[in-house]
>>> print(open('work.txt').read())   # compact mmCIF, C-alpha atoms
# COMPACT_ATOMS: atom_id res chain seq x y z
CA MET S 1 40.69 21.81 -0.57
CA SER S 2 39.82 21.31 3.07
CA GLY S 3 37.22 24.09 2.83
CA VAL S 4 35.57 22.36 -0.12
CA MET S 5 35.48 19.05 1.76
CA LYS S 6 33.95 20.71 4.82
CA ARG S 7 31.32 22.37 2.67
CA MET S 8 30.50 19.08 0.92
CA GLY S 9 30.24 17.37 4.29
CA MET S 10 27.89 20.07 5.58
CA ILE S 11 25.70 19.81 2.48
CA PHE S 12 25.57 16.03 2.79
CA ARG S 13 24.64 16.21 6.48
CA ALA S 14 21.97 18.84 5.77
CA LYS S 15 20.38 16.75 3.02
CA ALA S 16 20.59 13.60 5.13
CA ASN S 17 18.96 15.42 8.05
CA LYS S 18 16.15 16.66 5.80
CA ALA S 19 15.59 13.15 4.43
CA LEU S 20 15.48 11.75 7.96
CA ASP S 21 12.95 14.40 8.99
CA ARG S 22 10.67 13.35 6.15
CA ALA S 23 11.06 9.66 6.96
CA GLU S 24 10.73 10.02 10.73
CA ASP S 25 7.40 9.27 12.35
CA PRO S 26 7.19 10.81 15.86
CA ARG S 27 4.95 7.97 17.03
CA GLU S 28 7.53 5.37 16.06
CA THR S 29 10.28 7.40 17.74
CA LEU S 30 8.27 7.63 20.96
CA ASP S 31 7.58 3.90 20.94
CA TYR S 32 11.28 3.19 20.40
CA SER S 33 12.25 5.50 23.28
CA TYR S 34 9.71 3.83 25.55
CA GLN S 35 11.09 0.42 24.61
CA LYS S 36 14.62 1.55 25.47
CA GLN S 37 13.44 2.85 28.85
CA LEU S 38 11.79 -0.49 29.56
CA GLU S 39 15.04 -2.26 28.72
CA LEU S 40 16.95 0.06 31.06
CA LEU S 41 14.42 -0.55 33.82
CA GLN S 42 14.80 -4.29 33.31
CA LYS S 43 18.58 -3.97 33.64
CA VAL S 44 18.21 -2.01 36.88
CA ARG S 45 15.86 -4.66 38.24
CA ARG S 46 18.33 -7.38 37.33
CA GLY S 47 21.05 -5.40 39.11
CA VAL S 48 18.90 -5.18 42.24
CA ALA S 49 18.31 -8.92 42.07
CA ASP S 50 22.04 -9.61 41.68
CA VAL S 51 22.94 -7.39 44.64
CA ALA S 52 20.23 -9.01 46.74
CA THR S 53 21.58 -12.45 45.80
CA SER S 54 25.11 -11.45 46.85
CA ARG S 55 23.81 -10.05 50.11
CA LYS S 56 21.98 -13.29 50.82
CA ARG S 57 25.15 -15.31 50.22
CA LEU S 58 27.05 -13.15 52.67
CA GLU S 59 24.35 -13.65 55.24
CA LEU S 60 24.63 -17.42 54.83
CA GLN S 61 28.41 -17.25 55.18
CA LEU S 62 28.07 -15.06 58.27
CA ASN S 63 25.68 -17.49 59.87
CA GLN S 64 28.03 -20.38 59.14
CA LEU S 65 31.08 -18.54 60.50
CA GLN S 66 29.18 -17.51 63.60
CA LYS S 67 28.20 -21.14 64.22
CA GLN S 68 31.83 -22.22 63.82
CA SER S 69 32.92 -19.47 66.19
CA SER S 70 30.44 -20.66 68.81
CA THR S 71 31.61 -24.24 68.36
CA LEU S 72 35.28 -23.27 68.83
CA GLU S 73 34.40 -21.30 71.92
CA ASP S 74 32.64 -24.32 73.44
CA GLN S 75 35.57 -26.57 72.54
CA GLY S 76 38.04 -24.18 74.20
CA ARG S 77 36.02 -24.16 77.39
CA LYS S 78 35.84 -27.96 77.45
CA ALA S 79 39.57 -28.27 76.82
CA LEU S 80 40.32 -25.79 79.55
CA ALA S 81 38.04 -27.70 81.91
CA LEU S 82 39.97 -30.87 81.17
CA GLY S 83 43.28 -29.15 81.85
CA ARG S 84 44.27 -28.96 78.21
CA GLU S 85 45.27 -25.36 78.08
CA ASP S 86 47.11 -25.85 74.81
CA LEU S 87 43.95 -27.10 73.08
CA ALA S 88 41.93 -24.29 74.61
CA ARG S 89 44.46 -21.74 73.30
CA GLU S 90 44.31 -23.26 69.77
CA ALA S 91 40.53 -23.19 69.76
CA LEU S 92 40.48 -19.57 70.84
CA SER S 93 43.06 -18.69 68.17
CA ARG S 94 40.89 -20.24 65.49
CA ARG S 95 37.85 -18.47 66.88
CA ALA S 96 39.69 -15.15 66.68
CA ALA S 97 40.50 -15.76 62.99
CA LEU S 98 36.87 -16.58 62.31
CA GLN S 99 35.78 -13.43 64.06
CA GLN S 100 38.01 -11.40 61.75
CA GLN S 101 36.35 -13.00 58.77
CA VAL S 102 32.96 -12.32 60.30
CA SER S 103 33.86 -8.66 60.73
CA ASP S 104 34.97 -8.38 57.09
CA LEU S 105 31.83 -10.09 55.86
CA GLU S 106 29.65 -7.82 57.98
CA VAL S 107 31.27 -4.77 56.35
CA GLN S 108 30.64 -6.22 52.90
CA HIS S 109 27.10 -7.09 53.93
CA GLN S 110 26.42 -3.53 55.00
CA THR S 111 27.90 -2.22 51.73
CA LEU S 112 25.77 -4.56 49.63
CA GLN S 113 22.71 -3.73 51.66
CA GLY S 114 23.30 -0.02 51.01
CA GLU S 115 23.77 -0.67 47.27
CA GLU S 116 20.64 -2.74 47.22
CA GLU S 117 18.64 0.04 48.82
CA LYS S 118 20.03 2.59 46.35
CA LEU S 119 19.27 0.37 43.37
CA THR S 120 15.79 -0.37 44.69
CA LEU S 121 15.10 3.35 45.07
CA ALA S 122 16.52 4.03 41.59
CA ALA S 123 14.35 1.27 40.13
CA GLN S 124 11.27 2.75 41.77
CA ARG S 125 12.08 6.23 40.46
CA LEU S 126 12.79 4.86 37.00
CA GLN S 127 9.54 2.92 37.07
CA ALA S 128 7.64 6.11 37.91
CA LYS S 129 9.48 7.95 35.14
CA VAL S 130 8.71 5.22 32.62
CA ASP S 131 5.05 5.24 33.61
CA ALA S 132 4.90 9.02 33.22
CA PHE S 133 6.66 8.80 29.86
CA ARG S 134 4.20 6.14 28.70
CA THR S 135 1.25 8.39 29.57
CA LYS S 136 2.86 11.36 27.85
CA LYS S 137 3.77 9.19 24.87
CA GLU S 138 0.21 8.03 24.36
CA THR S 139 -1.06 11.59 24.71
CA ILE S 140 1.41 12.89 22.12
CA LYS S 141 0.61 10.03 19.75
CA ALA S 142 -3.13 10.68 20.03
CA THR S 143 -2.61 14.41 19.47
CA TYR S 144 -0.32 13.78 16.50
CA THR S 145 -2.77 11.32 14.95
CA ALA S 146 -5.65 13.77 15.35
CA ALA S 147 -3.59 16.61 13.87
CA GLU S 148 -2.53 14.41 10.96
CA ALA S 149 -6.13 13.41 10.25
CA GLN S 150 -7.27 17.03 10.49
CA THR S 151 -4.52 18.09 8.11
CA ARG S 152 -5.48 15.44 5.58
CA ILE S 153 -9.13 16.44 5.76
CA GLY S 154 -8.20 20.09 5.29
CA GLU S 155 -5.98 19.25 2.33
CA ALA S 156 -8.76 17.18 0.80
CA PHE S 157 -11.26 20.03 1.17
CA SER S 158 -8.83 22.59 -0.20
CA GLY S 159 -7.67 20.30 -3.01
CA ILE S 160 -3.96 20.62 -2.20
CA SER S 161 -3.40 17.02 -1.19
CA GLU S 162 -1.50 14.74 -3.54
CA GLU S 163 -4.50 12.53 -4.33
CA MET S 164 -6.90 15.42 -4.85
CA GLY S 165 -4.23 17.21 -6.88
CA ASP S 166 -4.07 14.25 -9.27
CA VAL S 167 -7.88 14.25 -9.57
CA GLY S 168 -7.90 17.99 -10.23
CA MET S 169 -5.23 17.64 -12.91
CA ALA S 170 -7.21 14.84 -14.59
CA ILE S 171 -10.34 17.01 -14.62
CA GLN S 172 -8.36 19.94 -16.02
CA ARG S 173 -6.91 17.77 -18.80
CA ALA S 174 -10.38 16.45 -19.68
CA GLU S 175 -11.77 20.00 -19.84
CA ASP S 176 -8.85 21.15 -22.01
CA LYS S 177 -9.32 18.26 -24.43
CA THR S 178 -13.06 18.90 -24.59
CA ALA S 179 -12.52 22.60 -25.33
CA THR S 180 -9.96 21.71 -28.01
CA LEU S 181 -12.35 19.28 -29.72
CA GLN S 182 -15.20 21.81 -29.57
CA ALA S 183 -13.01 24.50 -31.10
CA ARG S 184 -11.84 22.12 -33.84
CA ALA S 185 -15.41 21.09 -34.65
CA GLY S 186 -16.50 24.73 -34.84
CA ALA S 187 -13.58 25.62 -37.10
CA ILE S 188 -14.35 22.72 -39.46
CA ASP S 189 -18.01 23.79 -39.67
CA GLU S 190 -16.97 27.34 -40.55
CA LEU S 191 -14.55 26.12 -43.22
CA LEU S 192 -17.19 23.84 -44.74
CA ALA S 193 -19.76 26.66 -44.75
CA SER S 194 -17.32 29.04 -46.48
CA GLY S 195 -16.35 26.44 -49.09
CA ALA S 196 -12.70 26.33 -48.01
CA LEU S 197 -13.11 22.59 -47.43
CA ASP S 198 -14.96 20.11 -49.64
CA ASP S 199 -17.63 17.92 -48.10
CA SER S 200 -16.87 14.44 -49.45
CA SER S 201 -20.12 13.07 -48.04
CA GLY S 202 -22.24 15.34 -50.17
CA LEU S 203 -24.46 16.18 -47.24
CA HIS S 204 -23.14 19.66 -46.60
CA LYS S 205 -24.26 22.51 -48.90
CA ASP S 206 -22.81 25.98 -49.23
CA ASP S 207 -24.85 29.17 -48.94
CA ILE S 208 -25.41 29.62 -52.71
CA GLN S 209 -26.70 26.07 -53.21
CA SER S 210 -28.98 26.47 -50.20
CA GLU S 211 -30.40 29.70 -51.63
CA LEU S 212 -30.99 28.12 -55.06
CA ASP S 213 -32.75 25.16 -53.46
CA ARG S 214 -34.93 27.53 -51.48
CA LEU S 215 -35.93 29.54 -54.59
CA SER S 216 -36.60 26.38 -56.58
CA GLY S 217 -38.81 25.01 -53.83
CA GLY S 218 -40.71 28.29 -53.66
CA THR S 219 -41.36 28.29 -57.46
CA ASP S 220 -42.83 24.80 -57.39
CA VAL S 221 -45.22 25.85 -54.65
CA GLU S 222 -46.37 28.89 -56.62
CA LEU S 223 -46.95 26.86 -59.78
CA GLU S 224 -48.88 24.24 -57.87
CA LEU S 225 -51.00 26.97 -56.31
CA GLN S 226 -51.80 28.47 -59.74
CA ARG S 227 -52.77 25.07 -61.13
CA MET S 228 -55.17 24.46 -58.27
CA LYS S 229 -56.75 27.89 -58.80
CA ALA S 230 -57.24 27.14 -62.49
CA GLU S 231 -58.91 23.86 -61.74
CA LEU S 232 -61.25 25.48 -59.29
CA ALA S 233 -62.12 28.26 -61.72
CA GLY S 234 -62.83 25.77 -64.52
CA GLY S 235 -60.21 27.27 -66.80
CA SER S 236 -59.55 26.09 -70.34
CA SER S 237 -57.35 23.19 -71.12
CA SER S 238 -54.81 25.50 -72.77
CA SER S 239 -54.38 27.45 -69.55
CA GLN S 240 -53.99 24.22 -67.69
CA GLN S 241 -51.42 23.09 -70.27
CA ALA S 242 -49.53 26.38 -69.83
CA ILE S 243 -49.50 25.95 -66.10
CA GLU S 244 -48.46 22.33 -66.42
CA GLY S 245 -45.90 23.28 -69.04
CA GLY S 246 -44.36 25.68 -66.50
CA GLN S 247 -43.92 22.69 -64.31
CA GLY S 248 -41.61 21.02 -66.81
CA ASN S 249 -44.35 19.64 -69.20
CA ARG S 250 -45.17 17.14 -66.57
CA GLY S 251 -48.91 17.09 -67.27
CA GLN S 252 -50.64 15.88 -70.39
CA GLN S 253 -53.64 17.34 -72.26
CA ALA S 254 -56.84 16.82 -70.37
CA GLN S 255 -59.13 14.17 -71.84
CA PRO S 256 -62.79 15.13 -72.57
CA GLN S 257 -65.17 13.97 -70.04
CA ASP S 258 -67.59 11.30 -71.03
CA THR S 259 -71.10 12.65 -71.47
CA PRO S 260 -73.72 10.77 -69.67
CA ARG S 261 -75.83 8.52 -71.81
CA PHE S 262 -79.49 8.02 -71.20
CA ASP S 263 -81.16 4.78 -72.15
CA LYS S 264 -84.34 5.08 -74.06
CA GLN S 265 -87.38 3.89 -72.34
>>> encode(input="work.txt", output="structure tokens")
Amino acid sequence: MSGVMKRMGMIFRAKANKALDRAEDPRETLDYSYQKQLELLQKVRRGVADVATSRKRLELQLNQLQKQSSTLEDQGRKALALGREDLAREALSRRAALQQQVSDLEVQHQTLQGEEEKLTLAAQRLQAKVDAFRTKKETIKATYTAAEAQTRIGEAFSGISEEMGDVGMAIQRAEDKTATLQARAGAIDELLASGALDDSSGLHKDDIQSELDRLSGGTDVELELQRMKAELAGGSSSSQQAIEGGQGNRGQQAQPQDTPRFDKQ
């Protein structure tokens, strides 16, 4: 059971990693890393400022303690000059206590000063590193953008991009539908010509009807040609009736021509 759970966990992590790789934009990752470095640099600078503030406070305390020590020393001398040895001893005792505090504060001051110098140097190094990272970041982003654009152009030219693939599929579907319609139209024409299908419009004729119409048209032409020849030759009315009778008795018997009449003078 534990082996199955481990395998499921590995599969889940692998799929999640693959999904993250597809969703990740290197430019966004670089910008995020640069922002984090700027935040770290800001924290280091605030640390330097805090240490410098503490050092300044110690310096003020040292100056104040040193002034008090000088004042106690002067008071002891005056008391001793006036014959008040007890007061002079008390003033010197207080001065000695202040001197101990001054010594402790000087040690702390030196420690803070050393920390301040270290933090200042670290901030300078971090600033240089952040500046270098920013330059490298912009270079990588520009290179990535150019490579991405070049890849898209190449995919567009080769027709393997998603958009061009959709256009190619649409063209292929249109060509397939056109070929199907052309094949269907050709098949219907063949079936109509062979008589397998009836033409309800009455406009389509089969081969036999077309041949009969052609022969009928040719006969009418021949008969009309014979009639014209007879007229030119001045044939008899019976011949003309025979020719016209071959045309379906369409003509009638020719009427005699009126003879010209001459008026007597």
>>> closest_residue(input="work.txt", among="S:Ser70, S:Ser54, S:Ser2, S:Gln127", to="His109 in chain S", atoms="only C-alpha atoms")
S:Ser54
>>> atom_distance(input="work.txt", atom1="CA of Ser93 in chain S", atom2="CA of Lys78 in chain S")
15.0 Å
>>> closest_residue(input="work.txt", among="S:Leu62, S:Leu41, S:Ala16, S:Val107", to="Gln124 in chain S", atoms="all atoms listed in the file")
S:Leu41
>>> closest_residue(input="work.txt", among="S:Leu72, S:Leu65, S:Leu105, S:Ala147", to="Ala88 in chain S", atoms="all atoms listed in the file")
S:Leu72
>>> closest_residue(input="work.txt", among="S:Lys137, S:Arg13, S:Arg184, S:Arg152", to="Pro26 in chain S", atoms="only C-alpha atoms")
S:Lys137
>>> atom_distance(input="work.txt", atom1="CA of Glu117 in chain S", atom2="CA of Gln42 in chain S")
16.6 Å
>>> closest_residue(input="work.txt", among="S:Thr120, S:Gln113, S:Gln182, S:Gln226", to="Gly47 in chain S", atoms="only C-alpha atoms")
S:Thr120
>>> atom_distance(input="work.txt", atom1="CA of Gly9 in chain S", atom2="CA of Arg22 in chain S")
20.1 Å
>>> closest_residue(input="work.txt", among="S:Val44, S:Ala233, S:Val51, S:Gln99", to="Gln68 in chain S", atoms="only C-alpha atoms")
S:Gln99
>>> residues_around(input="work.txt", residues="Leu30 in chain S", least_positions_apart="4", cutoff="9 Å", atoms="all atoms listed in the file", output="number ranges by chain")
S: 25-26, 34-35, 134, 137-138, 140-141
